[in-house]
Amino acid sequence: MIRTALRTAAALVGVGLIWAGVAYDDSHAQTTGGVQALTGARVIDGTGAAPIEGATIVVSDGRIQAVGRNVTIPAGATRVDMSGKTIVPGLVNAHGHLQADASKRPARDRLTAQLRMYADYGITTVQVLGLPLDDVPEGIKLRDESRPGGAAVDRARVLIAAASLRNLKTEQEARDWGNKYADMKVDIIKMHITGGPMDMTPAVYGALIDTAHKRGIRAAAHMLYLKDAKGLLDKGIDVLAHSIRDQPVDQATIAAIKARDVEYIPTLTRDIAQFIYEGTPPYFTDAFFSRHIPNSYYRDEMAKLKDPANQDKIKKDQTAQTTKTWLEQGRKNLKTLADAGVTIALGTDTGTNEGQWQGYFEHIELEEMVKSGLTPMQALIAATSGGAKAANVEQQLGTIAAGKQADLLVLNANPLTDIRNSRQIHSVWIGGRRLASVNGTN
Ligand SMILES: [Zn+2]
């Protein structure tokens, strides 16, 4: 009733208040301390271990207490029959953003709406690699509220980098910014090395990385070129936030990535989004995509992206067209690095520019990873434990194991037989509570 009233009110005033809203479904949610047993499912735990058929997951206090075939179900537990379902860890996007909603609504409303959109698609944790400074205080608040072990939230958990740092001139400037961000209590520091003439020199970004490490924070870099990746690795970067796309990755670079256990985030959909709107993409008619259109900022973006004049502009745009070549090199490097045993983490760059759809593109990214030569299992690992490693939350999130947070994505079909089955969402659980979509789609 309340939801209906909200929807009506939103329609009346012409704002999309509830476009991606997920709320607790009280028919399934348990009060704190209640024990639930999810029974009969195929469990893919996110580590790469073989699926467990007919498994039980016992959940209480927001955590997984036990998982396996021969688990004793505590007396008094609420049983939830999951036979025929496949349960994977809630997906982790290690490189997302929260800038898609450009409305003038208060920061909290804008940010939570986007985090709900992610959650509605089964993305239960998002590492935001770049957030406008004005939004950082609210972002940090939302991060604190969503910390594993805290009160359950009805939106994706979030980790925050402040605005990406670029073009700093001196080491002192880099140290000052690093300390300023650390004082703001960010989770990670993001920097841009574009290959352009204004870039920070290695000495300057080295000072930034060093400052981050001294303050107990990791550092991630936007980059494109192999030479920049080498320089960043040399200075101790923790996360490569995009693909190396200009040439094949060489053995020395592979060794450097592995030696320091750096996570590599391909963001294939970021590149695809640069050129795909030279036409109308097939997914505009995919129900898994379009279910959110009527009430979201998606609608205005779609109208623009379908406009023939805009499509023509992209056809003639040199960078957009060059990105096709970069993408192909990025795919090859992803395969090479995955084969070499590098930790791959799913990331998308969603929520930055138009046409980079929060929630939906994470599923396209999974499919594109498989098209690039990864197995569905490798892609799932990247989207769960790999993403959690890149977001430095692998102690609490990213796998289905005793002691981990009960963030779960329940699917109606097995993603190992077809990775596109990640879109067959039955339900999304965060901290042991099932989210219900107000759109009635999950
Ligand atoms: Zn980004």
# chains A, B, ... in the order shown; residues from 1 in each chain; ligands from 1
$ closest_atom_pairs --of "chain A" --to "ligand 1" --cutoff "9 Å" --atoms "only C-alpha atoms and all ligand atoms" --output "JSON lines"
{"residue": "A:His95", "atom": "CA", "partner": "ligand 1", "partner_atom_place_in_ligand_line": "1 (Zn)", "distance": 6.2}
{"residue": "A:Gly96", "atom": "CA", "partner": "ligand 1", "partner_atom_place_in_ligand_line": "1 (Zn)", "distance": 6.2}
{"residue": "A:His97", "atom": "CA", "partner": "ligand 1", "partner_atom_place_in_ligand_line": "1 (Zn)", "distance": 6.5}
{"residue": "A:Val128", "atom": "CA", "partner": "ligand 1", "partner_atom_place_in_ligand_line": "1 (Zn)", "distance": 7.9}
{"residue": "A:Leu129", "atom": "CA", "partner": "ligand 1", "partner_atom_place_in_ligand_line": "1 (Zn)", "distance": 5.7}
{"residue": "A:Gly130", "atom": "CA", "partner": "ligand 1", "partner_atom_place_in_ligand_line": "1 (Zn)", "distance": 6.4}
{"residue": "A:Ser164", "atom": "CA", "partner": "ligand 1", "partner_atom_place_in_ligand_line": "1 (Zn)", "distance": 8.6}
{"residue": "A:Lys190", "atom": "CA", "partner": "ligand 1", "partner_atom_place_in_ligand_line": "1 (Zn)", "distance": 8.9}
{"residue": "A:His222", "atom": "CA", "partner": "ligand 1", "partner_atom_place_in_ligand_line": "1 (Zn)", "distance": 7.1}
{"residue": "A:Ala241", "atom": "CA", "partner": "ligand 1", "partner_atom_place_in_ligand_line": "1 (Zn)", "distance": 7.4}
{"residue": "A:His242", "atom": "CA", "partner": "ligand 1", "partner_atom_place_in_ligand_line": "1 (Zn)", "distance": 8.2}
{"residue": "A:Thr267", "atom": "CA", "partner": "ligand 1", "partner_atom_place_in_ligand_line": "1 (Zn)", "distance": 8.8}
{"residue": "A:Arg270", "atom": "CA", "partner": "ligand 1", "partner_atom_place_in_ligand_line": "1 (Zn)", "distance": 8.5}
{"residue": "A:Gly347", "atom": "CA", "partner": "ligand 1", "partner_atom_place_in_ligand_line": "1 (Zn)", "distance": 8.8}
{"residue": "A:Thr348", "atom": "CA", "partner": "ligand 1", "partner_atom_place_in_ligand_line": "1 (Zn)", "distance": 7.7}
{"residue": "A:Asp349", "atom": "CA", "partner": "ligand 1", "partner_atom_place_in_ligand_line": "1 (Zn)", "distance": 4.4}
{"residue": "A:Thr350", "atom": "CA", "partner": "ligand 1", "partner_atom_place_in_ligand_line": "1 (Zn)", "distance": 7.5}
{"residue": "A:Gly351", "atom": "CA", "partner": "ligand 1", "partner_atom_place_in_ligand_line": "1 (Zn)", "distance": 8.5}
{"residue": "A:Thr352", "atom": "CA", "partner": "ligand 1", "partner_atom_place_in_ligand_line": "1 (Zn)", "distance": 6.9}
$ select_by_dssp --residues "region 153-272 of chain A" --states "strand (DSSP E or B)" --output "VMD selection string"
chain A and resid 157 to 161 165 188 to 192 218 to 222 239 to 240 263 to 264
$ write_last_selection --atoms "C-alpha atoms" --output "PDB file, in the first residue's frame"
ATOM      1  CA  ARG A 157      27.296  -2.019   0.129  1.00  0.00           C
ATOM      2  CA  VAL A 158      29.722   0.634  -1.009  1.00  0.00           C
ATOM      3  CA  LEU A 159      33.440   1.438  -0.812  1.00  0.00           C
ATOM      4  CA  ILE A 160      34.534   4.950  -1.673  1.00  0.00           C
ATOM      5  CA  ALA A 161      37.371   6.615  -3.511  1.00  0.00           C
ATOM      6  CA  LEU A 165      43.492  12.634  -8.879  1.00  0.00           C
ATOM      7  CA  ILE A 188      41.050   3.693  -1.736  1.00  0.00           C
ATOM      8  CA  ILE A 189      42.753   6.449  -3.725  1.00  0.00           C
ATOM      9  CA  LYS A 190      42.123   6.630  -7.443  1.00  0.00           C
ATOM     10  CA  MET A 191      44.371   8.325  -9.969  1.00  0.00           C
ATOM     11  CA  HIS A 192      44.283   8.977 -13.692  1.00  0.00           C
ATOM     12  CA  ARG A 218      45.264   1.132  -1.306  1.00  0.00           C
ATOM     13  CA  ALA A 219      45.671   2.879  -4.661  1.00  0.00           C
ATOM     14  CA  ALA A 220      44.026   2.207  -8.022  1.00  0.00           C
ATOM     15  CA  ALA A 221      44.858   3.655 -11.411  1.00  0.00           C
ATOM     16  CA  HIS A 222      42.976   4.464 -14.558  1.00  0.00           C
ATOM     17  CA  VAL A 239      44.774  -2.152  -8.573  1.00  0.00           C
ATOM     18  CA  LEU A 240      44.839  -1.661 -12.351  1.00  0.00           C
ATOM     19  CA  GLU A 263      44.115  -7.030  -9.130  1.00  0.00           C
ATOM     20  CA  TYR A 264      43.310  -6.379 -12.770  1.00  0.00           C
TER      21      TYR A 264
END
$ select_by_dssp --residues "region 136-180 of chain A" --states "helix (DSSP H, G or I)" --output "VMD selection string"
chain A and resid 136 to 145 171 to 180
$ write_last_selection --atoms "N, CA and C atoms" --output "PDB file, in the first residue's frame"
ATOM      1  N   VAL A 136      31.260  13.113  -1.449  1.00  0.00           N
ATOM      2  CA  VAL A 136      32.061  12.181  -0.642  1.00  0.00           C
ATOM      3  C   VAL A 136      31.544  12.039   0.796  1.00  0.00           C
ATOM      4  N   PRO A 137      31.199  13.142   1.499  1.00  0.00           N
ATOM      5  CA  PRO A 137      30.722  12.942   2.880  1.00  0.00           C
ATOM      6  C   PRO A 137      29.518  12.003   2.960  1.00  0.00           C
ATOM      7  N   GLU A 138      28.564  12.185   2.043  1.00  0.00           N
ATOM      8  CA  GLU A 138      27.392  11.297   2.066  1.00  0.00           C
ATOM      9  C   GLU A 138      27.784   9.878   1.663  1.00  0.00           C
ATOM     10  N   GLY A 139      28.703   9.772   0.699  1.00  0.00           N
ATOM     11  CA  GLY A 139      29.193   8.453   0.283  1.00  0.00           C
ATOM     12  C   GLY A 139      29.853   7.709   1.432  1.00  0.00           C
ATOM     13  N   ILE A 140      30.640   8.428   2.215  1.00  0.00           N
ATOM     14  CA  ILE A 140      31.318   7.807   3.368  1.00  0.00           C
ATOM     15  C   ILE A 140      30.284   7.349   4.400  1.00  0.00           C
ATOM     16  N   LYS A 141      29.246   8.168   4.574  1.00  0.00           N
ATOM     17  CA  LYS A 141      28.173   7.792   5.510  1.00  0.00           C
ATOM     18  C   LYS A 141      27.498   6.488   5.051  1.00  0.00           C
ATOM     19  N   LEU A 142      27.221   6.429   3.750  1.00  0.00           N
ATOM     20  CA  LEU A 142      26.576   5.227   3.211  1.00  0.00           C
ATOM     21  C   LEU A 142      27.515   4.025   3.310  1.00  0.00           C
ATOM     22  N   ARG A 143      28.816   4.271   3.143  1.00  0.00           N
ATOM     23  CA  ARG A 143      29.809   3.207   3.320  1.00  0.00           C
ATOM     24  C   ARG A 143      29.745   2.682   4.754  1.00  0.00           C
ATOM     25  N   ASP A 144      29.757   3.608   5.721  1.00  0.00           N
ATOM     26  CA  ASP A 144      29.751   3.190   7.127  1.00  0.00           C
ATOM     27  C   ASP A 144      28.480   2.407   7.466  1.00  0.00           C
ATOM     28  N   GLU A 145      27.356   2.879   6.945  1.00  0.00           N
ATOM     29  CA  GLU A 145      26.086   2.198   7.229  1.00  0.00           C
ATOM     30  C   GLU A 145      26.051   0.792   6.643  1.00  0.00           C
ATOM     31  N   GLU A 171      55.607  16.349  -6.031  1.00  0.00           N
ATOM     32  CA  GLU A 171      55.448  15.275  -5.050  1.00  0.00           C
ATOM     33  C   GLU A 171      54.742  15.781  -3.801  1.00  0.00           C
ATOM     34  N   GLN A 172      55.044  17.030  -3.417  1.00  0.00           N
ATOM     35  CA  GLN A 172      54.400  17.597  -2.229  1.00  0.00           C
ATOM     36  C   GLN A 172      52.894  17.696  -2.428  1.00  0.00           C
ATOM     37  N   GLU A 173      52.513  18.153  -3.630  1.00  0.00           N
ATOM     38  CA  GLU A 173      51.087  18.260  -3.946  1.00  0.00           C
ATOM     39  C   GLU A 173      50.425  16.871  -3.837  1.00  0.00           C
ATOM     40  N   ALA A 174      51.113  15.878  -4.345  1.00  0.00           N
ATOM     41  CA  ALA A 174      50.571  14.515  -4.301  1.00  0.00           C
ATOM     42  C   ALA A 174      50.424  14.038  -2.854  1.00  0.00           C
ATOM     43  N   ARG A 175      51.422  14.322  -2.026  1.00  0.00           N
ATOM     44  CA  ARG A 175      51.338  13.905  -0.616  1.00  0.00           C
ATOM     45  C   ARG A 175      50.203  14.642   0.096  1.00  0.00           C
ATOM     46  N   ASP A 176      50.049  15.925  -0.215  1.00  0.00           N
ATOM     47  CA  ASP A 176      48.977  16.694   0.425  1.00  0.00           C
ATOM     48  C   ASP A 176      47.600  16.133   0.077  1.00  0.00           C
ATOM     49  N   TRP A 177      47.407  15.820  -1.203  1.00  0.00           N
ATOM     50  CA  TRP A 177      46.113  15.261  -1.614  1.00  0.00           C
ATOM     51  C   TRP A 177      45.893  13.882  -0.994  1.00  0.00           C
ATOM     52  N   GLY A 178      46.936  13.090  -0.975  1.00  0.00           N
ATOM     53  CA  GLY A 178      46.821  11.753  -0.379  1.00  0.00           C
ATOM     54  C   GLY A 178      46.406  11.848   1.081  1.00  0.00           C
ATOM     55  N   ASN A 179      47.017  12.776   1.799  1.00  0.00           N
ATOM     56  CA  ASN A 179      46.673  12.938   3.216  1.00  0.00           C
ATOM     57  C   ASN A 179      45.272  13.512   3.398  1.00  0.00           C
ATOM     58  N   LYS A 180      44.918  14.445   2.512  1.00  0.00           N
ATOM     59  CA  LYS A 180      43.579  15.033   2.591  1.00  0.00           C
ATOM     60  C   LYS A 180      42.515  13.944   2.400  1.00  0.00           C
TER      61      LYS A 180
END
$ residues_around --residues "Arg155 (chain A)" --least-positions-apart "6" --cutoff "7 Å" --atoms "only C-alpha atoms" --output "list in words"
Thr112, Leu115, Arg116 and Ala119 of chain A
$ write_last_selection --atoms "C-alpha atoms" --output "CSV table (one decimal), in the first residue's frame"
chain,number,residue,atom,x,y,z
A,112,THR,CA,20.9,5.5,-2.5
A,115,LEU,CA,23.0,1.7,-4.9
A,116,ARG,CA,19.5,0.2,-5.0
A,119,ALA,CA,21.4,-4.3,-5.7
$ closest_residue --among "A:Gly196, A:Gly34, A:Pro415, A:Gly373" --to "Arg166 (chain A)" --atoms "only C-alpha atoms"
A:Gly196
$ closest_residue --among "A:Leu98, A:Ala413, A:Thr343, A:Val58" --to "Ile425 (chain A)" --atoms "only C-alpha atoms"
A:Ala413
$ residues_around --residues "region 229-236 of chain A" --least-positions-apart "4" --cutoff "7 Å" --atoms "only C-alpha atoms" --output "list in words"
Pro202, Gly206, Ile209, Met223, Tyr225, Thr253 and Ala256 of chain A
$ write_last_selection --atoms "N, CA and C atoms" --output "PDB file, in the first residue's frame"
ATOM      1  N   PRO A 202      56.110   9.732 -12.998  1.00  0.00           N
ATOM      2  CA  PRO A 202      56.216   8.587 -12.076  1.00  0.00           C
ATOM      3  C   PRO A 202      56.623   9.013 -10.661  1.00  0.00           C
ATOM      4  N   GLY A 206      54.211   8.214  -7.743  1.00  0.00           N
ATOM      5  CA  GLY A 206      54.874   7.379  -6.740  1.00  0.00           C
ATOM      6  C   GLY A 206      54.692   7.953  -5.338  1.00  0.00           C
ATOM      7  N   ILE A 209      51.067   7.199  -4.257  1.00  0.00           N
ATOM      8  CA  ILE A 209      50.880   5.794  -3.849  1.00  0.00           C
ATOM      9  C   ILE A 209      51.532   5.564  -2.486  1.00  0.00           C
ATOM     10  N   MET A 223      44.292   3.638 -16.439  1.00  0.00           N
ATOM     11  CA  MET A 223      45.384   3.693 -17.416  1.00  0.00           C
ATOM     12  C   MET A 223      44.951   2.908 -18.647  1.00  0.00           C
ATOM     13  N   TYR A 225      47.797   2.446 -21.434  1.00  0.00           N
ATOM     14  CA  TYR A 225      49.013   2.016 -22.125  1.00  0.00           C
ATOM     15  C   TYR A 225      49.872   1.100 -21.261  1.00  0.00           C
ATOM     16  N   THR A 253      55.694  -7.714 -17.267  1.00  0.00           N
ATOM     17  CA  THR A 253      54.526  -7.082 -16.653  1.00  0.00           C
ATOM     18  C   THR A 253      53.666  -8.113 -15.926  1.00  0.00           C
ATOM     19  N   ALA A 256      55.322  -8.809 -12.751  1.00  0.00           N
ATOM     20  CA  ALA A 256      55.183  -7.704 -11.786  1.00  0.00           C
ATOM     21  C   ALA A 256      53.788  -7.706 -11.158  1.00  0.00           C
TER      22      ALA A 256
END
$ residues_around --residues "Thr201 (chain A)" --least-positions-apart "5" --cutoff "9 Å" --atoms "only C-alpha atoms" --output "PDB file with N, CA, C and O atoms, in the first residue's frame"
ATOM      1  N   ASN A 167      47.012  14.917 -13.049  1.00  0.00           N
ATOM      2  CA  ASN A 167      47.763  16.116 -13.458  1.00  0.00           C
ATOM      3  C   ASN A 167      48.409  16.870 -12.295  1.00  0.00           C
ATOM      4  O   ASN A 167      48.635  18.078 -12.410  1.00  0.00           O
ATOM      5  N   LEU A 168      48.675  16.211 -11.186  1.00  0.00           N
ATOM      6  CA  LEU A 168      49.374  16.892 -10.092  1.00  0.00           C
ATOM      7  C   LEU A 168      50.810  17.143 -10.524  1.00  0.00           C
ATOM      8  O   LEU A 168      51.395  16.355 -11.268  1.00  0.00           O
ATOM      9  N   LYS A 169      51.363  18.281 -10.052  1.00  0.00           N
ATOM     10  CA  LYS A 169      52.661  18.708 -10.585  1.00  0.00           C
ATOM     11  C   LYS A 169      53.849  18.310  -9.714  1.00  0.00           C
ATOM     12  O   LYS A 169      54.942  18.073 -10.218  1.00  0.00           O
ATOM     13  N   THR A 170      53.660  18.296  -8.401  1.00  0.00           N
ATOM     14  CA  THR A 170      54.813  18.053  -7.528  1.00  0.00           C
ATOM     15  C   THR A 170      54.521  16.912  -6.550  1.00  0.00           C
ATOM     16  O   THR A 170      53.363  16.601  -6.272  1.00  0.00           O
ATOM     17  N   GLY A 206      54.211   8.214  -7.743  1.00  0.00           N
ATOM     18  CA  GLY A 206      54.874   7.379  -6.740  1.00  0.00           C
ATOM     19  C   GLY A 206      54.692   7.953  -5.338  1.00  0.00           C
ATOM     20  O   GLY A 206      54.435   7.226  -4.379  1.00  0.00           O
TER      21      GLY A 206
END
$ atom_distance --atom1 "CA of Thr211 (chain A)" --atom2 "CA of Ser385 (chain A)"
27.2 Å
$ closest_residue --among "A:Ala75, A:Ala49, A:Leu366, A:Ala345" --to "Ala388 (chain A)" --atoms "only C-alpha atoms"
A:Ala345
$ atom_distance --atom1 "CA of Met369 (chain A)" --atom2 "CA of Asp271 (chain A)"
12.8 Å
$ closest_residue --among "A:Ala203, A:Val35, A:Leu435, A:Ala391" --to "Val262 (chain A)" --atoms "only C-alpha atoms"
A:Ala391
$ atom_distance --atom1 "CA of Val410 (chain A)" --atom2 "CA of Trp429 (chain A)"
8.0 Å
$ closest_residue --among "A:Gln395, A:Leu224, A:Ala382, A:Tyr298" --to "Leu327 (chain A)" --atoms "only C-alpha atoms"
A:Leu224
$ residues_around --residues "Gln36 (chain A)" --least-positions-apart "5" --cutoff "8 Å" --atoms "only C-alpha atoms" --output "list in words"
Gln30, Val58, Val59, Ser60, Ala77, Thr78, Arg79 and Val80 of chain A
$ write_last_selection --atoms "all heavy atoms" --output "compact mmCIF listing (two decimals), in the first residue's frame"
# COMPACT_ATOMS: atom_id res chain seq x y z
N GLN A 30 13.85 -12.06 8.10
CA GLN A 30 13.81 -12.55 9.47
C GLN A 30 14.27 -11.42 10.38
O GLN A 30 15.06 -10.59 10.00
CB GLN A 30 14.75 -13.74 9.63
CG GLN A 30 14.44 -14.88 8.69
CD GLN A 30 13.06 -15.44 8.91
OE1 GLN A 30 12.71 -15.82 10.02
NE2 GLN A 30 12.25 -15.46 7.87
N VAL A 58 23.09 -22.25 6.08
CA VAL A 58 22.47 -21.78 7.32
C VAL A 58 22.93 -20.35 7.57
O VAL A 58 24.13 -20.05 7.52
CB VAL A 58 22.84 -22.69 8.52
CG1 VAL A 58 22.24 -22.12 9.82
CG2 VAL A 58 22.37 -24.11 8.28
N VAL A 59 21.96 -19.49 7.80
CA VAL A 59 22.22 -18.05 7.97
C VAL A 59 21.64 -17.58 9.30
O VAL A 59 20.49 -17.91 9.62
CB VAL A 59 21.56 -17.25 6.82
CG1 VAL A 59 21.68 -15.75 7.06
CG2 VAL A 59 22.17 -17.63 5.47
N SER A 60 22.43 -16.85 10.05
CA SER A 60 21.86 -16.10 11.18
C SER A 60 22.72 -14.88 11.46
O SER A 60 23.91 -14.86 11.12
CB SER A 60 21.72 -16.98 12.43
OG SER A 60 22.98 -17.22 13.00
N ALA A 77 14.89 -23.31 12.98
CA ALA A 77 15.29 -22.51 11.81
C ALA A 77 14.13 -22.44 10.81
O ALA A 77 13.37 -23.38 10.66
CB ALA A 77 16.51 -23.14 11.15
N THR A 78 14.03 -21.30 10.15
CA THR A 78 13.05 -21.17 9.08
C THR A 78 13.65 -21.77 7.81
O THR A 78 14.73 -21.35 7.39
CB THR A 78 12.73 -19.68 8.83
OG1 THR A 78 12.29 -19.11 10.05
CG2 THR A 78 11.69 -19.51 7.75
N ARG A 79 12.99 -22.75 7.25
CA ARG A 79 13.53 -23.39 6.04
C ARG A 79 13.00 -22.68 4.80
O ARG A 79 11.81 -22.38 4.71
CB ARG A 79 13.12 -24.86 5.99
CG ARG A 79 13.78 -25.69 7.07
CD ARG A 79 13.18 -27.09 7.13
NE ARG A 79 13.74 -27.83 8.26
CZ ARG A 79 14.52 -28.91 8.13
NH1 ARG A 79 14.83 -29.38 6.94
NH2 ARG A 79 15.00 -29.50 9.20
N VAL A 80 13.90 -22.40 3.88
CA VAL A 80 13.51 -21.81 2.60
C VAL A 80 13.94 -22.78 1.51
O VAL A 80 15.14 -23.03 1.33
CB VAL A 80 14.19 -20.44 2.38
CG1 VAL A 80 13.70 -19.79 1.09
CG2 VAL A 80 13.96 -19.51 3.58
$ residues_around --residues "Leu411 (chain A)" --least-positions-apart "3" --cutoff "12 Å" --atoms "only C-alpha atoms" --output "VMD selection string"
chain A and resid 41 to 44 82 to 90 121 to 122 408 414 to 416 419 to 429 442
$ closest_residue --among "A:Ile257, A:Ala156, A:Ala113, A:Ala107" --to "Leu131 (chain A)" --atoms "only C-alpha atoms"
A:Ala107
$ decode --residues "region 383-399 of chain A" --atoms "N, CA and C atoms" --output "short mmCIF file (atom, residue, chain, number, x, y, z; two decimals), in the first residue's frame"
data_model
loop_
_atom_site.label_atom_id
_atom_site.label_comp_id
_atom_site.auth_asym_id
_atom_site.auth_seq_id
_atom_site.Cartn_x
_atom_site.Cartn_y
_atom_site.Cartn_z
N ALA A 383 33.76 -11.91 -10.58
CA ALA A 383 32.63 -11.09 -10.12
C ALA A 383 32.30 -11.30 -8.65
N THR A 384 33.03 -12.21 -8.00
CA THR A 384 32.73 -12.49 -6.59
C THR A 384 34.00 -12.34 -5.75
N SER A 385 34.78 -13.41 -5.61
CA SER A 385 35.97 -13.30 -4.76
C SER A 385 37.02 -12.37 -5.36
N GLY A 386 37.11 -12.33 -6.69
CA GLY A 386 38.07 -11.41 -7.34
C GLY A 386 37.71 -9.97 -7.08
N GLY A 387 36.44 -9.65 -7.24
CA GLY A 387 35.98 -8.29 -6.97
C GLY A 387 36.18 -7.92 -5.51
N ALA A 388 35.91 -8.88 -4.62
CA ALA A 388 36.06 -8.62 -3.18
C ALA A 388 37.53 -8.35 -2.84
N LYS A 389 38.44 -9.07 -3.50
CA LYS A 389 39.86 -8.81 -3.26
C LYS A 389 40.24 -7.40 -3.71
N ALA A 390 39.76 -7.02 -4.90
CA ALA A 390 40.09 -5.70 -5.43
C ALA A 390 39.48 -4.57 -4.60
N ALA A 391 38.41 -4.91 -3.88
CA ALA A 391 37.79 -3.91 -3.00
C ALA A 391 38.26 -4.10 -1.55
N ASN A 392 39.20 -5.03 -1.36
CA ASN A 392 39.79 -5.25 -0.03
C ASN A 392 38.76 -5.62 1.03
N VAL A 393 37.75 -6.40 0.61
CA VAL A 393 36.72 -6.84 1.56
C VAL A 393 36.59 -8.37 1.53
N GLU A 394 37.64 -9.04 1.07
CA GLU A 394 37.52 -10.49 0.89
C GLU A 394 37.41 -11.27 2.19
N GLN A 395 37.74 -10.59 3.32
CA GLN A 395 37.58 -11.28 4.60
C GLN A 395 36.09 -11.47 4.93
N GLN A 396 35.25 -10.57 4.43
CA GLN A 396 33.83 -10.62 4.80
C GLN A 396 32.91 -10.98 3.64
N LEU A 397 33.36 -10.72 2.42
CA LEU A 397 32.45 -10.78 1.27
C LEU A 397 33.08 -11.56 0.11
N GLY A 398 32.24 -11.92 -0.84
CA GLY A 398 32.74 -12.45 -2.10
C GLY A 398 32.76 -13.96 -2.22
N THR A 399 32.56 -14.67 -1.11
CA THR A 399 32.47 -16.13 -1.18
C THR A 399 31.36 -16.60 -0.25
#
